[in-house]
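First up is the structure itself, then whatever we jot down about it.
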Amino acid sequence: MKRLQDRPHLLEVGYKISRRMLWPFRRWLKAGGWVERLFIQAERVGKGLLFDCRMCGQCVLHETGMTCPMTCPKDLRNGPCGGVRPDGHCEVLPEMPCVWVKAWERSQKMPVYGSAILKVLPPLDRQLEGTSAWVNEATGISQQVPAGWDQ
Ligand code: SF4
């Protein structure tokens with residue numbers, strides 16, 4: 001299933017379609033309860049298998065080459081640290097390709113959202129950890145940025 005990540009265009013189209021499908025239900029999703037619990041489980045399993053999702057609750061996959069930035073050992077959400085090895089591997093886990101090298105490569109194959117990788121992302125709201133990023137996106141919670149953030 002993870003090999004699907006190397007077909008980022010297919011994934012970005014899937015993201016675009018699912019976003020549109022969820023939009024009409026945003027009010028309903030705001031209710032939380034069992035609906036949100038169902039989404040959390042679906043996300044944990046589906047995105048866990050596909051992206052090694054860490055359930056940050058504020059998904060930015062389409063802005064990071066369909067590569068989860070939370071799989072970076074340093075949790076970096078805005079590009080690589082200064083320690084990427086000459087072979088493109090991680091400073092902390094030498095056996096692992098740098099998440100941001102993969103993110104960049106994949107973003108180049110994404111005609112719809114690929115350029116979003118150049119955007120500086122707002123700080124992660126750690127209070128959303130463990131919640132459903134799908135619900136948070138549909139209800140607008142994940143688009144809320146800290147006061148003073150004007151990127
Ligand atoms: S960005 Fe967050 S919600 Fe999206 S795959 Fe990574 S941990 Fe999961």
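Following the order of the structure tokens, chains are lettered A, B, ..., residues in each are numbered from 1, and ligands are numbered from 1.
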
Can I get the residues close to ligand 1 as a PyMOL selection string, where close means within 10 Å and we count only C-alpha atoms and all ligand atoms? chain A and resi 43-44+46-48+50-64+66-72+75+77+124+128-134+136

Do a neighbour search on A:Asp6 at 12 Å with only C-alpha atoms, toss out local chain neighbours closer than 2 positions, and write the hits as a list in words.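 That gives Met1, Lys2, Arg3, Leu4, Pro8, His9, Leu10, Leu11, Glu12, Leu50, Phe51, Gly65, Met66, Thr67, Lys102, Ala103, Trp104, Glu105, Arg106, Ser107, Gln108, Lys109 and Met110 of chain A.
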
One decimal, in Å: what's the spacing between atom CA of A:Lys30 and atom CA of A:Leu49? 26.1 Å

What gap, in Å, lies between atom CA of A:Arg19 and atom CA of A:Gln5? 18.5 Å

Name the residues of stretch 25-106 of chain A that come out as helix (DSSP H, G or I) in a backbone DSSP run; write them as a PyMOL selection string. chain A and resi 25-29+33-51+61-63+69-71+99-106

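Counting only C-alpha atoms and comparing A:Thr139, A:Asn78, A:Gln41, A:Gln144, the residue that lies closest to A:Phe25 is A:Thr139.
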
Rounded to one decimal in Å, what is the spacing between atom CA of A:Gln127 and atom CA of A:Ile40? 15.1 Å
